[in-house]
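Engineer: Data: target_12.txt, compact mmCIF, C-alpha atoms.
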# COMPACT_ATOMS: atom_id res chain seq x y z
CA MET A 553 63.99 169.28 74.34
CA LYS A 554 65.86 172.22 75.81
CA ARG A 555 63.31 172.39 78.59
CA GLY A 556 63.94 168.73 79.38
CA VAL A 557 67.69 169.27 79.58
CA GLY A 558 67.10 172.25 81.85
CA ILE A 559 64.93 170.24 84.23
CA CYS A 560 67.53 167.49 84.30
CA ALA A 561 70.25 170.04 85.09
CA ILE A 562 68.22 171.57 87.92
CA TYR A 563 67.53 168.07 89.28
CA ALA A 564 71.23 167.19 89.10
CA VAL A 565 72.17 170.37 90.97
CA PHE A 566 69.48 169.61 93.55
CA LEU A 567 70.84 166.09 94.06
CA PHE A 568 74.38 167.42 94.31
CA MET A 569 73.29 169.88 96.97
CA MET A 570 71.40 167.23 98.89
CA LEU A 571 74.25 164.72 99.11
CA PRO A 572 76.50 166.57 101.52
CA VAL A 573 73.47 167.63 103.56
CA ASN A 574 72.43 164.00 103.97
CA ALA A 575 75.94 162.93 104.86
CA ALA A 576 76.18 165.76 107.36
CA SER A 577 72.82 164.96 108.92
CA GLN A 578 73.77 161.28 109.24
CA THR A 579 76.98 162.26 110.97
CA SER A 580 75.15 164.59 113.35
CA MET A 581 72.58 161.84 114.01
CA ARG A 582 75.40 159.52 114.95
CA LYS A 583 76.84 162.14 117.26
CA ASP A 584 73.48 162.67 118.99
CA PRO A 585 74.01 160.97 122.38
CA ARG A 586 70.39 159.85 122.38
CA ASP A 587 70.57 158.28 118.95
CA LEU A 588 71.40 154.65 119.68
CA SER A 589 70.16 153.38 116.33
CA GLY A 590 72.29 151.09 114.25
CA THR A 591 73.60 147.56 114.20
CA TRP A 592 75.75 146.46 117.10
CA ARG A 593 78.04 143.58 117.99
CA ASN A 594 77.64 142.06 121.46
CA GLN A 595 80.37 141.11 123.87
CA TYR A 596 79.93 137.35 124.18
CA THR A 597 79.67 136.38 127.84
CA PRO A 598 78.67 132.74 128.38
CA ASN A 599 79.25 133.01 132.14
CA LEU A 600 78.06 136.19 133.90
CA ALA A 601 80.35 135.44 136.86
CA ASP A 602 83.28 136.22 134.54
CA ALA A 603 81.88 139.70 133.95
CA LEU A 604 81.10 140.18 137.64
CA GLY A 605 84.48 138.85 138.80
CA LYS A 606 82.83 136.43 141.21
CA GLN A 607 79.61 134.51 141.67
CA PRO A 608 76.48 136.62 142.13
CA PRO A 609 75.28 137.14 145.74
CA PHE A 610 73.05 134.08 145.99
CA THR A 611 70.33 133.44 148.50
CA ALA A 612 70.60 129.96 150.05
CA TYR A 613 68.00 128.79 147.53
CA GLY A 614 69.80 130.42 144.61
CA ALA A 615 73.10 128.88 145.70
CA GLU A 616 71.59 125.41 145.81
CA ARG A 617 70.08 125.86 142.37
CA TRP A 618 73.50 126.93 141.06
CA ARG A 619 75.25 124.01 142.79
CA THR A 620 72.93 121.45 141.26
CA VAL A 621 72.21 122.99 137.87
CA ASP A 622 72.35 120.51 135.00
CA THR A 623 73.59 122.33 131.92
CA SER A 624 72.07 119.73 129.61
CA LYS A 625 68.74 121.28 130.61
CA ASP A 626 69.63 124.68 129.17
CA PRO A 627 66.36 125.89 127.60
CA THR A 628 68.17 127.30 124.58
CA GLY A 629 69.49 123.80 123.92
CA ILE A 630 65.96 122.98 122.79
CA CYS A 631 65.72 126.34 121.02
CA LEU A 632 63.61 128.18 123.60
CA PRO A 633 64.35 131.94 123.61
CA PRO A 634 67.31 133.06 125.74
CA GLY A 635 65.56 135.86 127.60
CA PRO A 636 66.04 139.63 127.46
CA SER A 637 69.57 139.87 128.91
CA ARG A 638 71.17 136.65 127.66
CA VAL A 639 70.36 137.65 124.11
CA PHE A 640 72.61 140.69 124.68
CA THR A 641 75.50 138.49 125.82
CA SER A 642 75.25 136.03 122.93
CA PRO A 643 77.89 136.09 120.16
CA PHE A 644 75.46 137.47 117.58
CA PRO A 645 74.76 141.07 116.50
CA PHE A 646 71.50 143.00 116.85
CA MET A 647 69.84 145.99 115.26
CA LEU A 648 68.39 148.86 117.28
CA VAL A 649 65.56 150.73 115.54
CA GLN A 650 64.58 153.89 117.34
CA GLN A 651 61.40 155.95 117.36
CA ASP A 652 60.27 158.44 119.97
CA ASN A 653 57.50 156.17 121.27
CA VAL A 654 59.13 152.76 120.92
CA ILE A 655 62.56 151.22 120.45
CA GLY A 656 62.81 147.94 118.56
CA LEU A 657 65.62 145.49 119.26
CA LEU A 658 66.05 142.96 116.47
CA PHE A 659 68.37 140.11 117.32
CA GLU A 660 70.13 137.73 114.97
CA TYR A 661 70.21 135.11 117.74
CA GLN A 662 67.09 133.00 117.28
CA THR A 663 65.59 135.78 115.10
CA LEU A 664 64.09 137.41 118.18
CA TRP A 665 62.84 140.90 118.95
CA ARG A 666 62.16 143.09 121.95
CA ALA A 667 59.93 146.16 122.01
CA VAL A 668 60.80 148.87 124.52
CA TYR A 669 57.82 151.18 124.95
CA MET A 670 58.94 154.78 125.43
CA ASP A 671 55.53 156.46 125.59
CA GLY A 672 55.27 156.52 129.37
CA ARG A 673 53.04 153.49 129.72
CA ALA A 674 53.33 151.15 132.70
CA HIS A 675 53.67 147.40 132.48
CA PRO A 676 50.22 145.80 131.90
CA PRO A 677 48.63 145.10 135.30
CA ASP A 678 48.19 141.40 134.58
CA ILE A 679 51.57 140.88 132.90
CA LEU A 680 52.92 138.64 135.68
CA ASP A 681 50.13 136.18 134.89
CA TYR A 682 51.34 136.05 131.30
CA PRO A 683 55.14 135.89 131.43
CA GLU A 684 57.05 136.28 128.20
CA PHE A 685 60.33 134.62 127.28
CA MET A 686 61.79 138.04 126.44
CA GLY A 687 59.89 139.84 129.20
CA HIS A 688 57.86 143.05 128.96
CA SER A 689 59.89 146.24 128.65
CA VAL A 690 59.23 149.94 129.11
CA GLY A 691 61.89 152.61 128.79
CA ARG A 692 62.73 156.17 129.71
CA TRP A 693 65.61 158.60 129.39
CA GLU A 694 67.67 159.62 132.40
CA GLY A 695 69.85 162.32 130.90
CA ASN A 696 71.39 160.62 127.90
CA THR A 697 71.07 157.13 129.34
CA LEU A 698 68.31 154.86 128.12
CA VAL A 699 66.84 152.97 131.07
CA ILE A 700 64.89 149.81 130.24
CA ASP A 701 62.69 148.25 132.90
CA THR A 702 61.72 144.64 132.23
CA VAL A 703 59.45 142.30 134.19
CA ALA A 704 57.45 139.11 133.60
CA ILE A 705 60.48 137.25 132.30
CA ASN A 706 59.57 133.60 131.89
CA GLU A 707 61.42 131.70 134.62
CA ARG A 708 62.34 128.97 132.15
CA THR A 709 64.98 131.27 130.66
CA TRP A 710 68.53 131.16 132.00
CA LEU A 711 70.73 134.20 132.48
CA ASP A 712 73.70 132.59 130.73
CA THR A 713 75.12 129.41 129.22
CA ALA A 714 76.86 128.57 132.49
CA GLY A 715 73.46 127.98 134.12
CA HIS A 716 72.61 130.98 136.30
CA GLU A 717 68.86 130.88 136.74
CA HIS A 718 66.17 133.24 138.04
CA SER A 719 62.63 133.28 139.37
CA PRO A 720 59.45 134.89 138.00
CA LYS A 721 60.24 137.80 140.33
CA LEU A 722 63.30 138.84 138.36
CA HIS A 723 63.25 142.58 137.73
CA LEU A 724 65.77 143.50 135.06
CA ILE A 725 67.02 147.08 134.73
CA GLU A 726 69.22 147.84 131.75
CA ARG A 727 71.05 151.12 131.17
CA ILE A 728 72.40 151.87 127.72
CA ARG A 729 74.66 154.84 127.16
CA LYS A 730 76.57 155.93 124.09
CA VAL A 731 80.20 156.29 125.10
CA SER A 732 81.39 157.12 121.58
CA ASP A 733 79.89 157.14 118.10
CA ASP A 734 80.75 153.48 117.75
CA LYS A 735 80.38 152.12 121.27
CA LEU A 736 77.47 151.59 123.62
CA GLU A 737 77.83 150.72 127.28
CA TRP A 738 75.19 148.31 128.55
CA THR A 739 74.71 147.73 132.25
CA ALA A 740 72.26 145.07 133.37
CA THR A 741 71.07 144.90 136.96
CA PHE A 742 69.46 141.68 138.16
CA ASP A 743 67.07 142.10 141.06
CA ASP A 744 65.52 138.79 142.09
CA PRO A 745 64.93 138.26 145.82
CA VAL A 746 64.31 134.53 145.33
CA PHE A 747 67.69 133.75 143.78
CA PHE A 748 69.86 136.70 144.88
CA ALA A 749 70.40 138.33 148.28
CA ARG A 750 70.75 141.76 146.68
CA PRO A 751 70.70 143.27 143.19
CA TRP A 752 73.89 142.87 141.18
CA SER A 753 75.08 144.27 137.89
CA ILE A 754 77.36 143.57 134.96
CA THR A 755 78.55 145.98 132.27
CA ARG A 756 79.35 145.06 128.69
CA THR A 757 80.26 147.02 125.58
CA PHE A 758 78.50 146.90 122.23
CA THR A 759 80.57 147.87 119.19
CA ARG A 760 79.08 149.29 116.01
CA PHE A 761 78.74 146.61 113.39
CA ASP A 762 79.40 147.55 109.78
CA ASP A 763 76.04 146.82 108.19
CA LYS A 764 77.22 147.99 104.78
CA THR A 765 79.65 145.09 104.45
CA ASP A 766 77.93 142.74 106.85
CA ARG A 767 74.34 141.93 107.66
CA ILE A 768 72.03 140.41 110.23
CA MET A 769 71.69 136.78 109.22
CA PRO A 770 69.10 134.09 109.87
CA TYR A 771 69.27 131.95 112.99
CA THR A 772 66.41 129.51 112.84
CA CYS A 773 67.37 127.35 115.76
CA ASN A 774 65.13 124.40 114.97
CA GLU A 775 66.39 124.14 111.42
CA ASN A 776 68.81 121.36 112.31
CA ASN A 777 69.16 121.12 116.09
CA ARG A 778 70.80 117.69 116.13
CA ASP A 779 72.51 118.53 119.42
CA VAL A 780 69.46 117.88 121.54
CA GLU A 781 69.53 114.10 121.05
CA HIS A 782 73.17 113.96 122.23
CA LEU A 783 72.95 116.00 125.45
CA LYS A 784 73.95 114.17 128.61
CA PRO A 785 73.40 115.20 132.24
CA ASN A 786 76.18 117.58 133.30
CA GLN A 787 76.44 119.12 136.77
CA PRO A 788 79.71 121.08 136.85
CA ASN A 789 79.11 122.95 140.14
CA LEU A 790 78.55 120.17 142.65
CA ASP A 791 81.63 121.29 144.60
CA PHE A 792 80.30 124.85 144.98
CA LYS A 793 80.25 126.03 148.60
CA TYR A 794 77.71 128.65 149.65
CA GLU A 795 79.41 131.24 151.82
CA PRO A 796 76.89 134.04 152.36
CA ASP A 797 79.29 136.11 154.47
CA LYS A 798 81.86 136.28 151.69
CA GLN A 799 79.68 137.26 148.77
CA MET B 24 105.95 146.70 109.43
CA MET B 25 102.98 148.48 110.93
CA ASN B 26 100.70 146.97 108.31
CA LYS B 27 102.07 143.51 109.07
CA MET B 28 101.47 144.09 112.76
CA LYS B 29 97.91 145.18 112.04
CA CYS B 30 97.38 142.14 109.88
CA VAL B 31 98.66 139.81 112.61
CA LEU B 32 96.52 141.56 115.21
CA ALA B 33 93.47 141.31 112.96
CA LEU B 34 94.08 137.60 112.44
CA LEU B 35 94.53 137.06 116.17
CA CYS B 36 91.30 138.94 116.88
CA CYS B 37 89.55 136.93 114.20
CA PHE B 38 90.82 133.70 115.73
CA ALA B 39 89.92 134.75 119.25
CA PHE B 40 86.44 135.79 118.16
CA SER B 41 85.83 132.65 116.15
CA SER B 42 87.08 130.42 118.94
CA LEU B 43 84.51 131.99 121.19
CA SER B 44 81.67 131.48 118.70
CA ALA B 45 81.10 128.22 120.36
CA LEU B 46 77.95 126.43 121.31
CA ALA B 47 76.18 129.58 122.40
CA HIS B 48 72.90 127.81 122.82
CA HIS B 49 74.05 125.23 125.33
CA SER B 50 77.04 124.10 127.33
CA PHE B 51 79.88 122.35 125.50
CA ALA B 52 80.35 119.88 128.36
CA ALA B 53 76.74 118.73 128.18
CA GLN B 54 77.48 117.20 124.80
CA TYR B 55 81.22 116.68 124.39
CA ASP B 56 84.05 115.32 126.50
CA ARG B 57 87.03 117.65 126.71
CA SER B 58 89.12 114.75 128.06
CA LYS B 59 88.54 112.74 124.88
CA PRO B 60 90.29 114.45 121.97
CA VAL B 61 90.07 112.67 118.63
CA THR B 62 91.63 112.88 115.16
CA LEU B 63 89.52 111.60 112.29
CA LYS B 64 90.65 111.36 108.68
CA GLY B 65 88.05 110.81 106.02
CA THR B 66 86.13 111.87 102.93
CA VAL B 67 83.33 114.41 103.12
CA THR B 68 79.97 112.83 102.26
CA LYS B 69 77.53 115.58 103.22
CA MET B 70 77.47 119.22 104.32
CA GLU B 71 74.65 120.66 106.44
CA TRP B 72 75.15 124.43 106.46
CA MET B 73 72.30 125.04 108.86
CA ASN B 74 71.47 126.53 112.25
CA PRO B 75 72.15 126.33 115.06
CA HIS B 76 75.51 124.81 114.02
CA ILE B 77 76.87 123.37 110.84
CA TYR B 78 77.35 119.64 110.61
CA PHE B 79 79.31 117.75 108.01
CA HIS B 80 79.72 114.04 107.61
CA ILE B 81 82.82 112.07 106.71
CA ASP B 82 83.51 108.46 105.81
CA VAL B 83 86.40 107.22 107.93
CA LYS B 84 88.11 104.05 106.78
CA ASP B 85 89.47 101.83 109.54
CA ALA B 86 91.04 98.64 108.18
CA ASP B 87 88.36 97.50 105.69
CA VAL B 88 85.45 99.05 107.53
CA VAL B 89 84.06 102.46 106.58
CA VAL B 90 82.31 104.35 109.35
CA ASN B 91 80.39 107.57 108.79
CA TRP B 92 81.03 110.28 111.40
CA ALA B 93 79.10 113.49 112.05
CA ILE B 94 81.22 116.54 112.76
CA GLU B 95 79.77 119.64 114.41
CA GLY B 96 81.10 123.13 113.75
CA GLY B 97 80.04 126.69 114.57
CA ALA B 98 76.99 128.75 113.69
CA PRO B 99 76.68 129.51 109.95
CA SER B 100 76.58 133.29 110.45
CA MET B 101 79.71 133.25 112.61
CA LEU B 102 81.55 131.11 110.10
CA TYR B 103 80.43 133.35 107.24
CA ARG B 104 81.73 136.44 109.03
CA ASN B 105 85.06 134.74 109.49
CA GLY B 106 85.32 134.20 105.74
CA TRP B 107 84.10 130.63 105.42
CA ARG B 108 81.52 129.66 102.82
CA ILE B 109 79.22 126.72 102.21
CA ASP B 110 81.72 125.35 99.67
CA SER B 111 84.82 125.85 101.83
CA LEU B 112 84.48 122.11 102.37
CA LYS B 113 82.96 120.07 99.55
CA VAL B 114 81.62 116.55 99.21
CA GLY B 115 84.58 114.39 98.15
CA ASP B 116 87.20 116.50 99.94
CA GLU B 117 89.72 114.57 102.02
CA VAL B 118 89.81 116.12 105.46
CA THR B 119 91.46 115.56 108.82
CA VAL B 120 89.38 116.69 111.79
CA ASP B 121 90.81 117.38 115.23
CA GLY B 122 88.18 117.66 117.92
CA TRP B 123 86.47 116.06 120.86
CA LEU B 124 84.23 113.02 121.11
CA ALA B 125 80.56 113.18 122.04
CA LYS B 126 79.76 112.02 125.54
CA ASP B 127 77.04 109.65 124.38
CA GLY B 128 79.49 107.43 122.49
CA THR B 129 77.92 107.98 119.06
CA ASN B 130 80.02 108.68 115.97
CA LEU B 131 79.91 112.40 116.60
CA ALA B 132 82.73 114.85 117.26
CA ASN B 133 82.99 118.58 117.82
CA MET B 134 85.51 120.13 115.47
CA ARG B 135 88.48 122.13 116.69
CA THR B 136 90.13 122.25 113.29
CA ALA B 137 89.49 120.67 109.91
CA THR B 138 92.50 120.37 107.58
CA LEU B 139 92.29 119.65 103.87
CA ALA B 140 94.73 117.38 102.03
CA ASN B 141 96.61 120.46 100.77
CA GLY B 142 97.23 121.57 104.35
CA LYS B 143 94.67 124.37 104.31
CA THR B 144 92.66 124.65 107.51
CA VAL B 145 88.96 125.45 107.23
CA PHE B 146 86.28 126.54 109.72
CA GLY B 147 89.12 127.25 112.16
CA ALA B 148 88.28 126.92 115.85
CA SER B 149 84.65 127.49 115.20
CA SER B 150 82.97 125.54 117.88
CA GLY B 151 84.97 124.01 120.68
CA GLY B 152 85.92 127.08 122.62
CA ASP B 153 83.00 127.46 124.96
CA THR B 154 83.64 127.65 128.64
CA ARG B 155 82.05 124.65 130.15
As structure tokens, what does this structure read like?
Structural biologist:
Amino acid sequence: MKRGVGICAIYAVFLFMMLPVNAASQTSMRKDPRDLSGTWRNQYTPNLADALGKQPPFTAYGAERWRTVDTSKDPTGICLPPGPSRVFTSPFPFMLVQQDNVIGLLFEYQTLWRAVYMDGRAHPPDILDYPEFMGHSVGRWEGNTLVIDTVAINERTWLDTAGHEHSPKLHLIERIRKVSDDKLEWTATFDDPVFFARPWSITRTFTRFDDKTDRIMPYTCNENNRDVEHLKPNQPNLDFKYEPDKQ
Amino acid sequence: MMNKMKCVLALLCCFAFSSLSALAHHSFAAQYDRSKPVTLKGTVTKMEWMNPHIYFHIDVKDADVVVNWAIEGGAPSMLYRNGWRIDSLKVGDEVTVDGWLAKDGTNLANMRTATLANGKTVFGASSGGDTR
């Protein structure tokens, strides 16, 4: 009996000693500039031109596509995935799960995921023949900035709700940097010679999301997508003038 | 005073965030007509707390005719985070909905606000704030 009490006492002391250590190690993990793990709230941006301060630098073809885009054809309106960058500008949080060899991005929006391979691999040589709605991503560290390189993004995805589109040649470069324990800076660069005359970038901020009092919730888009039967043709940009010298 | 200020700021942030929840998965203007605001007063007959957006249905009495309308709100997760629950609006509740009519002329509206008979507003600004 006495022996049992003694073991319990030792265990209690052990637990007591461990608690502050765990708390301290969690704090130091959070302060590690390369530890991006956690749950984060996006900065909702339905029109990337608002973040850029102007329209992107279109090619003549890209400008015509923008001028004539019909927003009732938005692929997410029929619950197709939003693509690797639009999911980061949706009004729904995501979870970042980090290992040395891979980073997992788990999105509430449409219950989607992205895998960012960090083991030095290249994109598969035939990946352009098999495009993916969320693209294929590999990552690396440049200092304390995570650089994600994504290709083979299915051209059916749009870059935003406003209707900016892209071609199969879109090369997406994302840079994620921890600017404080509770904020990440995300810069996305869109390089697509079919739609855009030169690469262009936007920067958004992700804010830590309290996953003790909140949680990632389900978003099963086809559960009750009544909207689709009510969509009507809508071309809001028909007055857009392409002025290549001014962009 | 400071606490009151914080409270007001928090409410404003909450409102701003919820008003942006919007139809994230497609353009507002592809489905609704911003130039056609509508006020509908009726009795809740059904609640669909489902993705991608909640819908509820109300019976609206006009003279002796009762017409059932569908009302679209925001995404369930966004509403939940703003404090709303599946029973914030119940079958049988009398409700006044301010919103916009669907472009296709069906008995469908997008909700800006829904106000109960006791004056309480529910699902505030959950859906109509998208940009286009």
Engineer: Find, counting all atoms listed in the file, the residue in A:Leu783, A:Gln799, A:Gln595, A:Glu717 that gets nearest to Arg619 of chain A.
Structural biologist: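 Closest to Arg619 of chain A of all the choices is A:Glu717.
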Engineer: Could you produce a table of the residues of chain A lying within 7 Å of chain B, with the nearest pair of atoms per residue and their separation in Å rounded to one decimal, using all atoms listed in the file, ordered by chain and increasing residue number, as a tab-separated table?
Structural biologist:
residue	atom	partner	partner_atom	distance
A:Thr623	CA	B:Ser50	CA	6.0
A:Ser624	CA	B:Ala53	CA	5.0
A:Asp626	CA	B:His49	CA	5.9
A:Thr628	CA	B:His48	CA	5.1
A:Gly629	CA	B:His49	CA	5.0
A:Ser642	CA	B:Ala47	CA	6.5
A:Pro643	CA	B:Ser44	CA	6.1
A:Thr713	CA	B:His49	CA	5.8
A:Ala714	CA	B:Ser50	CA	6.8
A:Met769	CA	B:Ser100	CA	6.1
A:Tyr771	CA	B:Asn74	CA	5.9
A:Thr772	CA	B:Asn74	CA	5.9
A:Cys773	CA	B:Pro75	CA	4.9
A:Glu775	CA	B:Asn74	CA	5.7
A:Asn776	CA	B:Asn74	CA	5.8
A:Asn777	CA	B:Pro75	CA	6.1
A:His782	CA	B:Gln54	CA	6.0
A:Leu783	CA	B:Gln54	CA	4.7
A:Lys784	CA	B:Ala53	CA	5.4
A:Pro785	CA	B:Ala53	CA	6.3
A:Asn786	CA	B:Ala53	CA	5.3
Engineer: Just want the 6 Å neighbourhood of segment 137-141 of chain B, counted on only C-alpha atoms, with same-chain residues fewer than 2 positions away dropped. Output as a list of chain:residue names.
Structural biologist: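 Here the qualifying residues turn out to be B:Glu117, B:Val118, B:Thr119, B:Val120, B:Lys143, B:Thr144, B:Val145.
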Engineer: What's the 12 Å shell around Thr759 of chain A, counting only C-alpha atoms, without same-chain residues fewer than 6 positions away, as a list in words?
Structural biologist: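 Once the adjacent positions are removed, what remains is Leu588, Gly590, Thr591, Trp592, Arg593, Asn594, Gln595, Tyr596, Phe644, Pro645, Phe646, Met647, Lys730, Val731, Ser732, Asp733, Asp734, Lys735, Leu736, Glu737 and Trp738 of chain A.
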Engineer: I'd like the interatomic distance between atom CA of Pro788 of chain A and atom CA of Phe146 of chain B, to a tenth of an Å.
Structural biologist: 28.4 Å
Engineer: Could you jot down the atom CA of His723 of chain A to atom CA of Thr702 of chain A separation for me, Å, one decimal place?
Structural biologist: 6.1 Å
Engineer: Report as an MDAnalysis selection string all protein, DNA and RNA residues lying within 10 Å of segment 633-641 of chain A, evaluated on only C-alpha atoms, omitting residues in the same chain fewer than 6 positions from it.
Structural biologist: (chainID A and resid 593:600 626:627 659:666 684:689 702:703 705:713 724:726 738:742 756:758 773) or (chainID B and resid 47:48)
Engineer: Rounded to one decimal in Å, what is the spacing between atom CA of Pro751 of chain A and atom CA of Asn696 of chain A?
Structural biologist: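 That distance, rounded to one decimal, is 23.1 Å.
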Engineer: Which residue gives the smallest distance to Thr62 of chain B among B:Ala93, B:Asn130, B:Gly106, B:Asp121, with all atoms listed in the file counted?
Structural biologist: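 Closest residue, counting all atoms listed in the file: B:Asp121.
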Engineer: Report as a list in words all protein, DNA and RNA residues lying within 10 Å of Asp85 of chain B, evaluated on only C-alpha atoms, omitting residues in the same chain fewer than 3 positions from it.
Structural biologist: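 With the cut-off at 10 Å, the set is Lys64, Gly65, Asp82, Val88, Val89 and Val90 of chain B.
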Engineer: Please save C-alpha atoms of the selected residues as a PDB file, in the frame of the given file.
Structural biologist:
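Everything below was put into result.pdb:
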ATOM      1  CA  LYS B  64      90.650 111.360 108.680  1.00  0.00           C
ATOM      2  CA  GLY B  65      88.050 110.810 106.020  1.00  0.00           C
ATOM      3  CA  ASP B  82      83.510 108.460 105.810  1.00  0.00           C
ATOM      4  CA  VAL B  88      85.450  99.050 107.530  1.00  0.00           C
ATOM      5  CA  VAL B  89      84.060 102.460 106.580  1.00  0.00           C
ATOM      6  CA  VAL B  90      82.310 104.350 109.350  1.00  0.00           C
TER       7      VAL B  90
END
